[in-house]
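Worksheet for the structure shown next.
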Amino acid sequence: MSLVSRAVPAQPTYAPRRHRKLGRVVLRYVILIAVLLFAVFPFLWTLAIALTDKHGGGSIYDFPASLFPRAVTLRNFVEVYTTFSLGKYVWNSISITGMTVLGTLVVSALAAYPLARFRFPGRDLIFGVIVATLVLPSETTFIVNTLTLKELGLLGTHVGVVLPTIAGAFGIFLMRQAFLGIPQALIEAARIDGASEFTILTRIMLPLTKPSLAALGIFTLVASWNAYFWPMLALSGAPDSVPLSVAVLKLKGQFNYDPFNIAAGALIMMIPVLLVFLSAQKLFMRGMEGAVK
Amino acid sequence: MIRSQRSTPHTPPTPGKPKYSLRDTLLSYGFLAPALILLAVFTFYPLAYGSYLGFTEYGGARFGQGLPPKWTGLDNFRTLMADPLFIKSLLNSVKYLIIVPVLQLASLAVAVLVNKNLPGMAFFRAAYYVPVVTSISLAAVMWDWVYNKDGTLNWALGAVHLVSKNQTFGWLNNEYTAFWAVMLVTFWRGFGYYMVLYLAGLQGIPAELEEAAVLDGASSWKRFWSITVPMMKPTILLCSLLSTIAALRVLEEVLVLTNGGPLNSTYTALMYVYSKAFQGFDFNYGLASAAGLVVAAVALLLSAVNFRLFRDSSGEGA
């Protein structure tokens with residue numbers, strides 16, 4: 001009813017309105033495509049450089065030729081892998097990221113379980129302490145953490161890079177929220193059957209919260225794979241142990257005269273993250289990792 | 001059935017003084033131990049010890065000889081105030097805040113643009129988010145080529161005759177442009193992130209409001225300023241706060257793109273902290289920690305101002 005009465009006054013101006021509307025849609029797409037170019041242009045150019053056959057001559061600054069390579073090759077990818085021993089850095093990245101993801105999942109799930117399911121003295125205090133980590137100033141943390149790691153003999157090791165990053169409010173709260181959603185009846189039933197708390201956690205809680213575990217794992221994976229500053233600092237004395245994120249930039253500094261290989265190396269680092277992002281797009285678009293940063 | 005079982009929890013709550021089971025308490029702390037130990041060692045201890053170091057002489061030769069920090073009171077802060085580089089770096093960090101309103105309005109506008117049931121919107125959203133999941137080191141590799149003297153930016157500007165070939169310069173090598181070039185990379189990596197946060201907020205605006213404004217003949221520009229922005233105030237406040245703190249703490253972009261140069265034009269406060277502690281042969285942990293404390297204080301102050309600003313302006317609107 002109201003729809004009809006609304007539509008009536010619009011009738012006489014129907015035709016010009018439609019034109020204006022179409023114009024608006026076109027304008028919207030024009031802006032969106034301009035923003036798209038801004039967002040993805042650097043990747044497209046890097047891709048073009050990486051695929052260029054450098055033996056065909058020409059520089060990467062030879063426009064517009066460098067944007068549309070005449071001779072396409074995959075040789076740069078092989079070459080960057082062999083001459084710059086990229087495999088070593090790939091392995092370092094996998095090692096650091098793997099340990100970070102596993103550590104974050106284990107520590108978060110363990111801490112979240114009692115926060116979600118038990119009553120014990122000091123629970124509110126611990127809750128407050130974990131919330132506080134979100135707002136505490138962290139400007140000088142990296143200085144003291146390098147001193148601590150040095151003291152522990154872990155400076156320059158992958159474990160040293162990983163340890164300070166795995167306990168965080170985001171992971172703990174995410175898992176706590178997931179555990180809160182599991183019916184108490186299930187846990188009671190398991191207890192009556194004589195299951196230990198650890199069994200309940202590993203056999204009931206974790207299988208039932210797989211989506212949350214996956215979400216936490218994926219966010220951690222992307223953040224850890226991309227991390228630059230902390231690994232660079234913690235591994236500054238161990239150049240052979242640095243992950244790809246640190247290595248790629250260092251290689252660019254050393255071999256800037258060979259941008260084709262550098263571009264290939266950059267893409268080798270980007271591709272896994274891109275695949276993870278594209279397959280878990282919905283997760284990122286929910287803005288859930290908002291609490292991380 | 002389930003309901004009745006749920007209402008009899010493991011340890012029944014008693015009004016007044018809560019009673020705890022010893023078993024549950026021990027188990028709880030056992031489960032919490034790894035997280036608590038890691039947080040204590042790598043989050044709270046650095047905060048306390050780092051603050052203490054700000055009032056001491058520590059690092060360099062003293063550190064090499066294994067001597068403990070020496071209490072020097074406010075000496076470090078006097079040194080900082082007398083150091084033109086620190087003043088410049090602090091001012092640069094404050095100047096970096098220019099990005100906050102620009103980035104927030106642009107992200108909100110982009111969110112409004114993609115928040116429409118038209119073909120391709122999911123694709124645009126995903127594409128805009130790709131820079132967010134790109135490592136800063138990759139961003140540096142790519143943007144360094146873009147900003148090069150012979151790079152795409154100068155080529156594109158040359159193509160529309162905004163610069164001529166013999167006047168070009170590298171955007172990161174020029175003391176007047178480097179700062180803005182670095183800021184553009186922060187913008188590039190940030191707008192998709194805030195777009196997603198704003199998209200979540202936009203779902204909360206009732207569609208009738210927008211429809212009524214359309215019927216009243218309000219232009220989309222007008223609708224943006226008089227409906228979207230006021231309705232989104234809480235989200236804008238949150239995002240501005242995140243963005244303000246991030247801008248004040250900007251370090252990585254500077255480190256990978258310019259290392260503070262040219263002529264210290266991109267030197268930021270945390271760059272100073274990092275540099276004093278780890279670059280060169282200084283290893284002046286005391287002075288670096290003191291500088292970190294100053295940045296933390298400014299961040300706190302700005303967060304308070306941010307809250308004030310938004311509360312006051314929302315009071316005006318009501």
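Here's how to read the names in the structure tokens: chain A, B, ... by the order shown, residue numbers from 1 in each chain, ligand numbers from 1 in the order shown.
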
Neighbours of segment 69-84 of chain B within 12 Å (only C-alpha atoms; same-chain residues fewer than 6 positions away dropped), as a PDB file with C-alpha atoms, in the first residue's frame?
```
ATOM      1  CA  TYR B  49      61.294  -2.800  32.640  1.00  0.00           C
ATOM      2  CA  GLY B  50      61.162  -0.597  29.533  1.00  0.00           C
ATOM      3  CA  SER B  51      59.604   2.233  31.536  1.00  0.00           C
ATOM      4  CA  TYR B  52      62.325   1.834  34.155  1.00  0.00           C
ATOM      5  CA  LEU B  53      65.055   1.871  31.493  1.00  0.00           C
ATOM      6  CA  GLY B  54      63.752   5.253  30.322  1.00  0.00           C
ATOM      7  CA  PHE B  55      65.107   6.742  33.550  1.00  0.00           C
ATOM      8  CA  THR B  56      68.487   5.049  33.364  1.00  0.00           C
ATOM      9  CA  GLU B  57      71.716   5.047  31.474  1.00  0.00           C
ATOM     10  CA  TYR B  58      71.920   1.689  29.758  1.00  0.00           C
ATOM     11  CA  GLY B  59      73.275   0.156  26.587  1.00  0.00           C
ATOM     12  CA  GLY B  60      76.409   0.648  24.545  1.00  0.00           C
ATOM     13  CA  ALA B  61      79.642   0.163  26.468  1.00  0.00           C
ATOM     14  CA  ARG B  62      77.810  -0.243  29.748  1.00  0.00           C
ATOM     15  CA  PHE B  63      75.789  -3.128  28.326  1.00  0.00           C
ATOM     16  CA  LEU B  90      58.085  13.652  17.035  1.00  0.00           C
ATOM     17  CA  LEU B  91      56.698  16.457  14.868  1.00  0.00           C
ATOM     18  CA  ASN B 264      65.461  12.992   7.977  1.00  0.00           C
ATOM     19  CA  TYR B 267      62.102  10.301  10.438  1.00  0.00           C
ATOM     20  CA  ALA B 269      59.290   9.020  16.603  1.00  0.00           C
ATOM     21  CA  TYR B 272      64.058   7.318  16.482  1.00  0.00           C
ATOM     22  CA  VAL B 273      63.361   4.716  19.183  1.00  0.00           C
ATOM     23  CA  LYS B 276      68.783   4.699  18.960  1.00  0.00           C
ATOM     24  CA  ASN B 284      71.393   3.361  23.707  1.00  0.00           C
ATOM     25  CA  TYR B 285      68.548   1.387  25.294  1.00  0.00           C
ATOM     26  CA  GLY B 286      67.984   3.991  28.005  1.00  0.00           C
ATOM     27  CA  LEU B 287      67.479   6.912  25.640  1.00  0.00           C
ATOM     28  CA  ALA B 288      65.411   4.785  23.243  1.00  0.00           C
ATOM     29  CA  SER B 289      63.116   3.669  26.068  1.00  0.00           C
ATOM     30  CA  ALA B 290      62.688   7.276  27.212  1.00  0.00           C
ATOM     31  CA  ALA B 291      61.716   8.263  23.670  1.00  0.00           C
ATOM     32  CA  GLY B 292      59.242   5.360  23.634  1.00  0.00           C
ATOM     33  CA  LEU B 293      57.676   6.675  26.840  1.00  0.00           C
ATOM     34  CA  VAL B 294      57.213  10.099  25.264  1.00  0.00           C
ATOM     35  CA  VAL B 295      55.475   8.503  22.257  1.00  0.00           C
TER      36      VAL B 295
END
```

What are the DSSP alpha helix (DSSP H) residues of segment 142-234 of chain B, as a ChimeraX atom specification?
/B:142-147,152-159,178-202,207-215,220-223,229-231,233-234

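Every protein or nucleic acid residue with an atom no more than 7 Å from segment 73-80 of chain A, counting only C-alpha atoms and leaving out same-chain residues fewer than 5 positions away, appears here: A:Ala50, A:Leu51, A:Thr52, A:Asp53, A:Leu86, A:Phe260, A:Asn261, A:Ala264, A:Gly265.
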
Create the file for the chosen residues now, containing C-alpha atoms and written as a short mmCIF file (atom, residue, chain, number, x, y, z; two decimals), in the first residue's frame.
```cif
data_model
loop_
_atom_site.label_atom_id
_atom_site.label_comp_id
_atom_site.auth_asym_id
_atom_site.auth_seq_id
_atom_site.Cartn_x
_atom_site.Cartn_y
_atom_site.Cartn_z
CA ALA A 50 58.34 -11.31 -13.16
CA LEU A 51 57.06 -12.83 -16.40
CA THR A 52 59.33 -10.77 -18.65
CA ASP A 53 62.11 -12.57 -20.46
CA LEU A 86 65.16 -18.77 -1.99
CA PHE A 260 63.07 -9.56 -12.85
CA ASN A 261 64.25 -12.10 -10.30
CA ALA A 264 59.54 -13.33 -9.16
CA GLY A 265 60.69 -13.74 -5.56
#
```

Shell around Tyr194 of chain B at 7 Å using only C-alpha atoms, local window under 3 positions removed, as a ChimeraX atom specification
/B:107,190-191,197-198,239

Go ahead and save the picked residues with C-alpha atoms, as a tab-separated table (two decimals), in the first residue's frame.
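Final output, saved to out34.tsv:
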```tsv
chain	number	residue	atom	x	y	z
B	107	SER	CA	37.42	4.26	3.48
B	190	GLY	CA	44.83	0.71	5.14
B	191	PHE	CA	41.74	1.69	3.19
B	197	LEU	CA	34.94	-2.24	9.41
B	198	TYR	CA	32.71	0.45	7.89
B	239	CYS	CA	38.38	3.52	13.36
```

Please provide as a PDB file with C-alpha atoms, in the first residue's frame all residues within 10 Å of Ile130 of chain A, with the sequence filter that same-chain residues fewer than 5 positions apart are discarded (counting only C-alpha atoms).
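So part.pdb came out as:
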```pdb
ATOM      1  CA  ASP A 124      37.859 -11.550  36.693  1.00  0.00           C
ATOM      2  CA  LEU A 125      41.345 -10.243  37.399  1.00  0.00           C
ATOM      3  CA  VAL A 135      45.402  -1.000  25.179  1.00  0.00           C
ATOM      4  CA  ALA A 167      49.739 -15.374  23.596  1.00  0.00           C
ATOM      5  CA  GLY A 168      47.237 -12.662  22.775  1.00  0.00           C
ATOM      6  CA  ALA A 169      43.833 -11.349  23.736  1.00  0.00           C
ATOM      7  CA  PHE A 170      42.370 -11.872  20.276  1.00  0.00           C
ATOM      8  CA  ILE A 172      41.927 -16.198  23.768  1.00  0.00           C
ATOM      9  CA  PHE A 173      38.672 -14.251  23.403  1.00  0.00           C
TER      10      PHE A 173
ATOM     11  CA  ALA B  35      49.321 -17.908  28.280  1.00  0.00           C
ATOM     12  CA  LEU B  36      49.908 -16.155  31.596  1.00  0.00           C
ATOM     13  CA  LEU B  39      52.084 -12.542  28.671  1.00  0.00           C
TER      14      LEU B  39
END
```

Given the choices B:Ala127, B:Ala40, B:Val229, B:Leu263, which gets closest to Asn174 of chain B if the distance is worked out from only C-alpha atoms?
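Under the stated criterion, the closest residue is B:Leu263.
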
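The closest residue to chain A, picked from B:Leu157, B:Ile136, B:Ala181, B:Ala247 and counting only C-alpha atoms, is B:Ile136.
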
Between A:His19, A:Lys150, A:Arg203, A:Lys282, which residue has the minimum interatomic distance to chain B, considering only C-alpha atoms?
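Nearest candidate to chain B out of A:His19, A:Lys150, A:Arg203, A:Lys282: A:Lys282.
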
10 Å contact set for Leu202 of chain B, only C-alpha atoms, chain neighbours under 2 positions out, as a PyMOL selection string
chain B and resi 108+111-112+115+196-200+204-207+228-229+231-232+235

Those same residues, written as an mmCIF file, in the first residue's frame with N, CA and C atoms?
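Contents of result.cif, freshly written:
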```cif
data_model
loop_
_atom_site.group_PDB
_atom_site.id
_atom_site.type_symbol
_atom_site.label_atom_id
_atom_site.label_comp_id
_atom_site.auth_asym_id
_atom_site.auth_seq_id
_atom_site.Cartn_x
_atom_site.Cartn_y
_atom_site.Cartn_z
ATOM 1 N N LEU B 108 35.341 5.174 4.316
ATOM 2 C CA LEU B 108 33.885 5.198 4.484
ATOM 3 C C LEU B 108 33.206 5.386 3.126
ATOM 4 N N ALA B 111 33.401 2.224 1.236
ATOM 5 C CA ALA B 111 32.461 1.257 1.805
ATOM 6 C C ALA B 111 31.050 1.533 1.303
ATOM 7 N N VAL B 112 30.662 2.826 1.252
ATOM 8 C CA VAL B 112 29.337 3.180 0.751
ATOM 9 C C VAL B 112 29.207 2.759 -0.715
ATOM 10 N N ASN B 115 28.783 -0.961 -1.016
ATOM 11 C CA ASN B 115 27.661 -1.483 -0.246
ATOM 12 C C ASN B 115 26.368 -1.352 -1.055
ATOM 13 N N VAL B 196 36.214 -2.594 5.415
ATOM 14 C CA VAL B 196 35.504 -3.748 5.964
ATOM 15 C C VAL B 196 34.834 -3.389 7.296
ATOM 16 N N LEU B 197 35.541 -2.641 8.137
ATOM 17 C CA LEU B 197 34.940 -2.240 9.411
ATOM 18 C C LEU B 197 33.724 -1.344 9.176
ATOM 19 N N TYR B 198 33.837 -0.429 8.193
ATOM 20 C CA TYR B 198 32.705 0.451 7.892
ATOM 21 C C TYR B 198 31.545 -0.309 7.270
ATOM 22 N N LEU B 199 31.857 -1.309 6.452
ATOM 23 C CA LEU B 199 30.792 -2.117 5.841
ATOM 24 C C LEU B 199 29.934 -2.752 6.923
ATOM 25 N N ALA B 200 30.598 -3.240 7.984
ATOM 26 C CA ALA B 200 29.860 -3.846 9.089
ATOM 27 C C ALA B 200 28.942 -2.803 9.725
ATOM 28 N N GLY B 204 23.998 -1.446 9.844
ATOM 29 C CA GLY B 204 23.136 -1.016 10.941
ATOM 30 C C GLY B 204 22.285 0.203 10.626
ATOM 31 N N ILE B 205 22.508 0.827 9.456
ATOM 32 C CA ILE B 205 21.692 1.994 9.096
ATOM 33 C C ILE B 205 20.384 1.517 8.488
ATOM 34 N N PRO B 206 19.230 1.905 9.070
ATOM 35 C CA PRO B 206 17.952 1.444 8.535
ATOM 36 C C PRO B 206 17.754 1.924 7.103
ATOM 37 N N ALA B 207 17.316 1.014 6.253
ATOM 38 C CA ALA B 207 17.164 1.329 4.827
ATOM 39 C C ALA B 207 16.107 2.411 4.618
ATOM 40 N N THR B 228 24.791 9.091 6.434
ATOM 41 C CA THR B 228 25.812 8.073 6.658
ATOM 42 C C THR B 228 26.782 8.475 7.768
ATOM 43 N N VAL B 229 27.379 9.659 7.634
ATOM 44 C CA VAL B 229 28.396 10.062 8.613
ATOM 45 C C VAL B 229 27.839 10.145 10.042
ATOM 46 N N MET B 231 25.180 8.655 11.327
ATOM 47 C CA MET B 231 24.771 7.337 11.797
ATOM 48 C C MET B 231 25.963 6.440 12.102
ATOM 49 N N MET B 232 27.079 6.716 11.449
ATOM 50 C CA MET B 232 28.252 5.858 11.590
ATOM 51 C C MET B 232 29.211 6.342 12.666
ATOM 52 N N THR B 235 31.319 3.845 14.762
ATOM 53 C CA THR B 235 32.335 3.145 13.981
ATOM 54 C C THR B 235 33.461 4.097 13.602
#
```
